[in-house]
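*Asks:* Hey, dropping upload.txt in here, compact mmCIF, N, CA and C atoms:
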```txt
# COMPACT_ATOMS: atom_id res chain seq x y z
N MET Q 2 -51.92 225.13 -33.33
CA MET Q 2 -52.32 223.74 -33.35
C MET Q 2 -51.34 222.92 -32.51
N ASP Q 3 -51.86 222.01 -31.71
CA ASP Q 3 -51.06 221.11 -30.90
C ASP Q 3 -50.15 220.29 -31.80
N VAL Q 4 -48.86 220.21 -31.46
CA VAL Q 4 -47.88 219.49 -32.29
C VAL Q 4 -48.26 218.03 -32.42
N HIS Q 5 -48.68 217.42 -31.31
CA HIS Q 5 -49.06 216.01 -31.36
C HIS Q 5 -50.24 215.79 -32.31
N LEU Q 6 -51.22 216.68 -32.23
CA LEU Q 6 -52.38 216.59 -33.11
C LEU Q 6 -51.96 216.80 -34.55
N TYR Q 7 -51.03 217.72 -34.79
CA TYR Q 7 -50.52 217.98 -36.13
C TYR Q 7 -49.88 216.71 -36.70
N TRP Q 8 -49.01 216.08 -35.90
CA TRP Q 8 -48.35 214.85 -36.36
C TRP Q 8 -49.37 213.76 -36.60
N THR Q 9 -50.36 213.67 -35.76
CA THR Q 9 -51.38 212.65 -35.92
C THR Q 9 -52.11 212.84 -37.24
N GLU Q 10 -52.49 214.07 -37.52
CA GLU Q 10 -53.18 214.33 -38.78
C GLU Q 10 -52.30 214.00 -39.97
N LEU Q 11 -51.03 214.36 -39.87
CA LEU Q 11 -50.10 214.04 -40.95
C LEU Q 11 -49.98 212.53 -41.13
N CYS Q 12 -49.85 211.83 -40.00
CA CYS Q 12 -49.67 210.39 -40.07
C CYS Q 12 -50.91 209.70 -40.61
N MET Q 13 -52.07 210.17 -40.22
CA MET Q 13 -53.30 209.58 -40.74
C MET Q 13 -53.32 209.68 -42.25
N GLU Q 14 -52.89 210.80 -42.75
CA GLU Q 14 -52.89 211.01 -44.19
C GLU Q 14 -51.89 210.09 -44.88
N VAL Q 15 -50.69 209.97 -44.32
CA VAL Q 15 -49.65 209.19 -44.97
C VAL Q 15 -49.89 207.70 -44.84
N VAL Q 16 -50.27 207.24 -43.65
CA VAL Q 16 -50.39 205.80 -43.44
C VAL Q 16 -51.48 205.21 -44.33
N MET Q 17 -52.47 205.98 -44.62
CA MET Q 17 -53.55 205.44 -45.42
C MET Q 17 -53.25 205.48 -46.92
N SER Q 18 -52.12 206.07 -47.29
CA SER Q 18 -51.74 206.06 -48.69
C SER Q 18 -51.08 204.74 -49.08
N GLY Q 19 -50.80 203.89 -48.06
CA GLY Q 19 -50.27 202.55 -48.31
C GLY Q 19 -48.84 202.53 -48.79
N THR Q 20 -48.00 203.43 -48.29
CA THR Q 20 -46.63 203.51 -48.79
C THR Q 20 -45.65 202.63 -48.04
N SER Q 21 -46.05 202.02 -46.92
CA SER Q 21 -45.11 201.22 -46.15
C SER Q 21 -45.83 200.09 -45.44
N ALA Q 22 -45.14 198.99 -45.25
CA ALA Q 22 -45.71 197.86 -44.52
C ALA Q 22 -45.01 197.75 -43.18
N LEU Q 23 -45.63 197.03 -42.25
CA LEU Q 23 -45.01 196.83 -40.93
C LEU Q 23 -43.76 195.98 -41.07
N ALA Q 24 -42.76 196.29 -40.28
CA ALA Q 24 -41.55 195.47 -40.26
C ALA Q 24 -41.89 194.11 -39.64
N GLY Q 25 -41.14 193.07 -39.99
CA GLY Q 25 -41.44 191.72 -39.54
C GLY Q 25 -41.37 191.53 -38.05
N THR Q 26 -40.57 192.31 -37.34
CA THR Q 26 -40.38 192.09 -35.91
C THR Q 26 -41.43 192.81 -35.07
N GLU Q 27 -42.24 193.65 -35.68
CA GLU Q 27 -43.24 194.39 -34.92
C GLU Q 27 -44.48 193.55 -34.71
N LYS Q 28 -45.18 193.80 -33.59
CA LYS Q 28 -46.42 193.10 -33.34
C LYS Q 28 -47.43 193.51 -34.40
N ARG Q 29 -48.18 192.53 -34.86
CA ARG Q 29 -49.19 192.80 -35.87
C ARG Q 29 -50.58 192.56 -35.29
N ARG Q 30 -51.48 193.44 -35.66
CA ARG Q 30 -52.89 193.27 -35.33
C ARG Q 30 -53.63 193.10 -36.64
N ALA Q 31 -54.71 192.35 -36.60
CA ALA Q 31 -55.50 192.18 -37.81
C ALA Q 31 -56.01 193.54 -38.26
N ARG Q 32 -55.76 193.86 -39.49
CA ARG Q 32 -56.19 195.16 -40.02
C ARG Q 32 -57.13 194.92 -41.19
N SER Q 33 -58.40 194.94 -40.89
CA SER Q 33 -59.37 194.68 -41.93
C SER Q 33 -60.07 195.96 -42.39
N SER Q 34 -59.88 197.05 -41.69
CA SER Q 34 -60.51 198.32 -42.06
C SER Q 34 -59.47 199.28 -42.60
N ARG Q 35 -59.93 200.20 -43.43
CA ARG Q 35 -59.01 201.16 -44.03
C ARG Q 35 -59.52 202.57 -43.83
N LEU Q 36 -58.58 203.48 -43.75
CA LEU Q 36 -58.84 204.91 -43.83
C LEU Q 36 -58.08 205.37 -45.06
N GLY Q 37 -58.65 206.21 -45.86
CA GLY Q 37 -57.92 206.61 -47.06
C GLY Q 37 -58.03 208.09 -47.34
N PHE Q 38 -56.90 208.71 -47.62
CA PHE Q 38 -56.85 210.09 -48.05
C PHE Q 38 -55.46 210.38 -48.60
N ARG Q 39 -55.30 211.49 -49.25
CA ARG Q 39 -54.03 211.83 -49.90
C ARG Q 39 -53.35 212.99 -49.17
N VAL Q 40 -52.02 213.04 -49.32
CA VAL Q 40 -51.23 214.14 -48.76
C VAL Q 40 -50.33 214.70 -49.85
N ASP Q 41 -49.85 215.90 -49.61
CA ASP Q 41 -48.90 216.47 -50.56
C ASP Q 41 -47.52 215.86 -50.32
N ALA Q 42 -46.66 215.97 -51.29
CA ALA Q 42 -45.33 215.35 -51.23
C ALA Q 42 -44.51 215.86 -50.05
N GLN Q 43 -44.62 217.13 -49.74
CA GLN Q 43 -43.85 217.71 -48.63
C GLN Q 43 -44.27 217.09 -47.30
N THR Q 44 -45.55 216.92 -47.10
CA THR Q 44 -46.06 216.31 -45.87
C THR Q 44 -45.58 214.87 -45.76
N LYS Q 45 -45.68 214.13 -46.84
CA LYS Q 45 -45.25 212.74 -46.84
C LYS Q 45 -43.76 212.63 -46.48
N LYS Q 46 -42.93 213.48 -47.08
CA LYS Q 46 -41.49 213.45 -46.79
C LYS Q 46 -41.22 213.77 -45.32
N LEU Q 47 -41.96 214.72 -44.79
CA LEU Q 47 -41.79 215.12 -43.40
C LEU Q 47 -42.11 213.96 -42.46
N VAL Q 48 -43.20 213.28 -42.70
CA VAL Q 48 -43.59 212.16 -41.85
C VAL Q 48 -42.63 210.99 -42.04
N GLU Q 49 -42.21 210.74 -43.25
CA GLU Q 49 -41.23 209.68 -43.50
C GLU Q 49 -39.93 209.96 -42.75
N ARG Q 50 -39.52 211.22 -42.74
CA ARG Q 50 -38.30 211.59 -42.01
C ARG Q 50 -38.45 211.33 -40.52
N ALA Q 51 -39.60 211.72 -39.96
CA ALA Q 51 -39.83 211.49 -38.53
C ALA Q 51 -39.84 210.00 -38.21
N ALA Q 52 -40.46 209.20 -39.06
CA ALA Q 52 -40.49 207.75 -38.85
C ALA Q 52 -39.07 207.18 -38.91
N ALA Q 53 -38.28 207.65 -39.86
CA ALA Q 53 -36.90 207.17 -40.00
C ALA Q 53 -36.07 207.55 -38.77
N LEU Q 54 -36.27 208.75 -38.25
CA LEU Q 54 -35.55 209.17 -37.05
C LEU Q 54 -35.88 208.28 -35.86
N GLU Q 55 -37.09 207.77 -35.83
CA GLU Q 55 -37.51 206.86 -34.76
C GLU Q 55 -37.16 205.41 -35.08
N ARG Q 56 -36.60 205.19 -36.26
CA ARG Q 56 -36.26 203.84 -36.74
C ARG Q 56 -37.48 202.92 -36.72
N ARG Q 57 -38.57 203.44 -37.24
CA ARG Q 57 -39.82 202.69 -37.29
C ARG Q 57 -40.39 202.78 -38.70
N SER Q 58 -41.20 201.82 -39.05
CA SER Q 58 -41.85 201.88 -40.35
C SER Q 58 -42.81 203.07 -40.37
N LEU Q 59 -43.10 203.52 -41.53
CA LEU Q 59 -44.03 204.64 -41.67
C LEU Q 59 -45.40 204.27 -41.09
N THR Q 60 -45.84 203.08 -41.41
CA THR Q 60 -47.14 202.63 -40.92
C THR Q 60 -47.15 202.57 -39.40
N ASP Q 61 -46.13 201.96 -38.81
CA ASP Q 61 -46.07 201.85 -37.35
C ASP Q 61 -46.02 203.23 -36.70
N PHE Q 62 -45.19 204.09 -37.24
CA PHE Q 62 -45.06 205.44 -36.69
C PHE Q 62 -46.41 206.16 -36.71
N CYS Q 63 -47.08 206.11 -37.84
CA CYS Q 63 -48.35 206.82 -37.99
C CYS Q 63 -49.46 206.19 -37.15
N LEU Q 64 -49.54 204.87 -37.14
CA LEU Q 64 -50.58 204.23 -36.34
C LEU Q 64 -50.37 204.47 -34.85
N THR Q 65 -49.13 204.46 -34.42
CA THR Q 65 -48.85 204.73 -33.01
C THR Q 65 -49.26 206.16 -32.65
N ALA Q 66 -48.86 207.12 -33.47
CA ALA Q 66 -49.23 208.52 -33.21
C ALA Q 66 -50.74 208.70 -33.24
N LEU Q 67 -51.39 208.06 -34.18
CA LEU Q 67 -52.84 208.15 -34.30
C LEU Q 67 -53.52 207.55 -33.08
N THR Q 68 -53.06 206.39 -32.66
CA THR Q 68 -53.65 205.72 -31.49
C THR Q 68 -53.46 206.55 -30.23
N GLU Q 69 -52.25 207.08 -30.03
CA GLU Q 69 -51.99 207.90 -28.84
C GLU Q 69 -52.85 209.16 -28.84
N ALA Q 70 -52.97 209.81 -29.97
CA ALA Q 70 -53.78 211.02 -30.05
C ALA Q 70 -55.26 210.71 -29.83
N THR Q 71 -55.69 209.58 -30.35
CA THR Q 71 -57.08 209.16 -30.18
C THR Q 71 -57.38 208.90 -28.71
N GLN Q 72 -56.49 208.17 -28.05
CA GLN Q 72 -56.68 207.88 -26.63
C GLN Q 72 -56.65 209.16 -25.80
N ALA Q 73 -55.78 210.09 -26.14
CA ALA Q 73 -55.71 211.36 -25.40
C ALA Q 73 -56.98 212.17 -25.60
N THR Q 74 -57.50 212.19 -26.82
CA THR Q 74 -58.73 212.93 -27.09
C THR Q 74 -59.89 212.35 -26.31
N ILE Q 75 -60.03 211.04 -26.34
CA ILE Q 75 -61.11 210.39 -25.60
C ILE Q 75 -60.96 210.64 -24.10
N SER Q 76 -59.75 210.54 -23.61
CA SER Q 76 -59.50 210.77 -22.19
C SER Q 76 -59.87 212.19 -21.78
N ARG Q 77 -59.50 213.17 -22.61
CA ARG Q 77 -59.85 214.56 -22.31
C ARG Q 77 -61.36 214.76 -22.22
N HIS Q 78 -62.09 214.05 -23.06
CA HIS Q 78 -63.55 214.21 -23.08
C HIS Q 78 -64.24 213.40 -22.00
N GLU Q 79 -63.57 212.40 -21.46
CA GLU Q 79 -64.17 211.56 -20.43
C GLU Q 79 -63.70 211.92 -19.03
N THR Q 80 -62.80 212.86 -18.91
CA THR Q 80 -62.24 213.23 -17.62
C THR Q 80 -62.86 214.54 -17.15
N LEU Q 81 -63.22 214.57 -15.91
CA LEU Q 81 -63.80 215.77 -15.31
C LEU Q 81 -62.78 216.35 -14.34
N LEU Q 82 -62.35 217.55 -14.59
CA LEU Q 82 -61.41 218.22 -13.69
C LEU Q 82 -62.18 219.22 -12.83
N LEU Q 83 -62.01 219.10 -11.54
CA LEU Q 83 -62.71 219.98 -10.61
C LEU Q 83 -61.72 220.90 -9.91
N SER Q 84 -62.20 222.10 -9.63
CA SER Q 84 -61.41 223.00 -8.80
C SER Q 84 -61.43 222.45 -7.37
N GLU Q 85 -60.59 222.95 -6.53
CA GLU Q 85 -60.56 222.50 -5.14
C GLU Q 85 -61.92 222.73 -4.48
N ARG Q 86 -62.53 223.86 -4.75
CA ARG Q 86 -63.84 224.17 -4.19
C ARG Q 86 -64.90 223.18 -4.69
N ASP Q 87 -64.92 222.93 -6.02
CA ASP Q 87 -65.89 222.00 -6.59
C ASP Q 87 -65.68 220.59 -6.05
N ARG Q 88 -64.44 220.18 -5.90
CA ARG Q 88 -64.14 218.87 -5.35
C ARG Q 88 -64.70 218.75 -3.94
N GLN Q 89 -64.50 219.79 -3.14
CA GLN Q 89 -64.97 219.78 -1.75
C GLN Q 89 -66.50 219.70 -1.71
N VAL Q 90 -67.17 220.47 -2.55
CA VAL Q 90 -68.64 220.45 -2.60
C VAL Q 90 -69.14 219.07 -3.00
N PHE Q 91 -68.49 218.49 -4.01
CA PHE Q 91 -68.88 217.16 -4.50
C PHE Q 91 -68.75 216.11 -3.40
N PHE Q 92 -67.59 216.06 -2.76
CA PHE Q 92 -67.38 215.05 -1.72
C PHE Q 92 -68.23 215.31 -0.49
N ASP Q 93 -68.50 216.57 -0.20
CA ASP Q 93 -69.38 216.88 0.93
C ASP Q 93 -70.78 216.37 0.64
N ALA Q 94 -71.24 216.49 -0.60
CA ALA Q 94 -72.57 215.98 -0.97
C ALA Q 94 -72.61 214.46 -0.90
N LEU Q 95 -71.49 213.80 -1.20
CA LEU Q 95 -71.45 212.34 -1.08
C LEU Q 95 -71.49 211.89 0.37
N VAL Q 96 -70.73 212.56 1.20
CA VAL Q 96 -70.62 212.17 2.61
C VAL Q 96 -71.86 212.60 3.40
N HIS Q 97 -72.39 213.77 3.07
CA HIS Q 97 -73.56 214.30 3.78
C HIS Q 97 -74.65 214.63 2.76
N PRO Q 98 -75.30 213.61 2.20
CA PRO Q 98 -76.31 213.89 1.17
C PRO Q 98 -77.51 214.62 1.76
N PRO Q 99 -78.13 215.47 0.97
CA PRO Q 99 -79.32 216.17 1.48
C PRO Q 99 -80.49 215.17 1.61
N LYS Q 100 -81.42 215.50 2.48
CA LYS Q 100 -82.59 214.64 2.66
C LYS Q 100 -83.46 214.75 1.41
N PRO Q 101 -84.07 213.64 0.97
CA PRO Q 101 -84.90 213.70 -0.24
C PRO Q 101 -86.12 214.59 -0.03
N ASN Q 102 -86.38 215.44 -1.01
CA ASN Q 102 -87.56 216.30 -0.93
C ASN Q 102 -88.76 215.56 -1.53
N ALA Q 103 -89.91 216.19 -1.53
CA ALA Q 103 -91.15 215.55 -1.99
C ALA Q 103 -91.05 215.11 -3.45
N ARG Q 104 -90.46 215.93 -4.26
CA ARG Q 104 -90.35 215.59 -5.70
C ARG Q 104 -89.49 214.34 -5.90
N LEU Q 105 -88.39 214.24 -5.18
CA LEU Q 105 -87.52 213.07 -5.30
C LEU Q 105 -88.22 211.82 -4.79
N ARG Q 106 -88.96 211.95 -3.68
CA ARG Q 106 -89.70 210.79 -3.15
C ARG Q 106 -90.75 210.31 -4.16
N ARG Q 107 -91.45 211.26 -4.82
CA ARG Q 107 -92.41 210.88 -5.86
C ARG Q 107 -91.72 210.15 -7.01
N ALA Q 108 -90.55 210.65 -7.40
CA ALA Q 108 -89.80 210.02 -8.50
C ALA Q 108 -89.40 208.60 -8.13
N PHE Q 109 -88.95 208.39 -6.90
CA PHE Q 109 -88.59 207.04 -6.45
C PHE Q 109 -89.82 206.12 -6.44
N ARG Q 110 -90.95 206.63 -5.95
CA ARG Q 110 -92.18 205.82 -5.93
C ARG Q 110 -92.57 205.44 -7.35
N SER Q 111 -92.52 206.39 -8.24
CA SER Q 111 -92.90 206.15 -9.63
C SER Q 111 -91.98 205.11 -10.27
N ALA Q 112 -90.69 205.23 -10.03
CA ALA Q 112 -89.73 204.28 -10.59
C ALA Q 112 -89.96 202.89 -10.01
N LYS Q 113 -90.23 202.82 -8.72
CA LYS Q 113 -90.47 201.53 -8.05
C LYS Q 113 -91.72 200.87 -8.64
N GLU Q 114 -92.76 201.66 -8.87
CA GLU Q 114 -94.02 201.12 -9.43
C GLU Q 114 -93.77 200.57 -10.84
N ARG Q 115 -92.98 201.29 -11.63
CA ARG Q 115 -92.69 200.82 -12.99
C ARG Q 115 -91.89 199.53 -12.96
N ILE Q 116 -90.98 199.40 -12.02
CA ILE Q 116 -90.15 198.21 -11.92
C ILE Q 116 -90.99 197.01 -11.47
N LEU Q 117 -91.86 197.23 -10.52
CA LEU Q 117 -92.66 196.14 -9.96
C LEU Q 117 -93.81 195.72 -10.88
N SER Q 118 -94.24 196.58 -11.77
CA SER Q 118 -95.38 196.23 -12.63
C SER Q 118 -94.99 195.59 -13.92
```
So, in terms of structure tokens, how does the structure I just supplied come out?
*Replies:*
Amino acid sequence: MDVHLYWTELCMEVVMSGTSALAGTEKRRARSSRLGFRVDAQTKKLVERAAALERRSLTDFCLTALTEATQATISRHETLLLSERDRQVFFDALVHPPKPNARLRRAFRSAKERILS
């Protein structure tokens, strides 16, 4: 398991147990939604230790880790990585597109008729 993902899962569990509030100097965002679940004592102590090492509140530590992991997950799913060959084929198709065949011309005509009617 990815260490970052592991910490994120731990933090999600701990932060939602409501054991710590944000420190006064940290930026606050309106928090009207909740996530709730329980963790074992060992997990909670581990996450509390990590937060203390970073000199951050438990909530801030966990929310930051959760947000970073969430953004990374979304980015991985929204990013397309191409091999050098695939990249070349893709850009070649953009620069030198093939001529439309009969089926594509029919599709364009059909779409145009739907738009105009």
*Asks:* Atom C of Q:Thr71 to atom CA of Q:Leu59: how many Å, to one decimal?
*Replies:*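 That distance, rounded to one decimal, is 19.1 Å.
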*Asks:* Which distance in Å separates atom CA of Q:Arg104 and atom CA of Q:Ile116, to one decimal?
*Replies:* 18.5 Å
*Asks:* Could the centre and edge lengths of an axis-aligned box, enclosing all atoms of stretch 64-80 of chain Q in the file with 4 Å extra on each side, be given in Å to one decimal as JSON?
*Replies:*
```
{"center_x": -56.5, "center_y": 209.5, "center_z": -27.1, "size_x": 23.4, "size_y": 18.5, "size_z": 28.0}
```
*Asks:* What separation in Å, quoted to one decimal, exists between atom CA of Q:Leu81 and atom C of Q:Glu69?
*Replies:* 18.6 Å
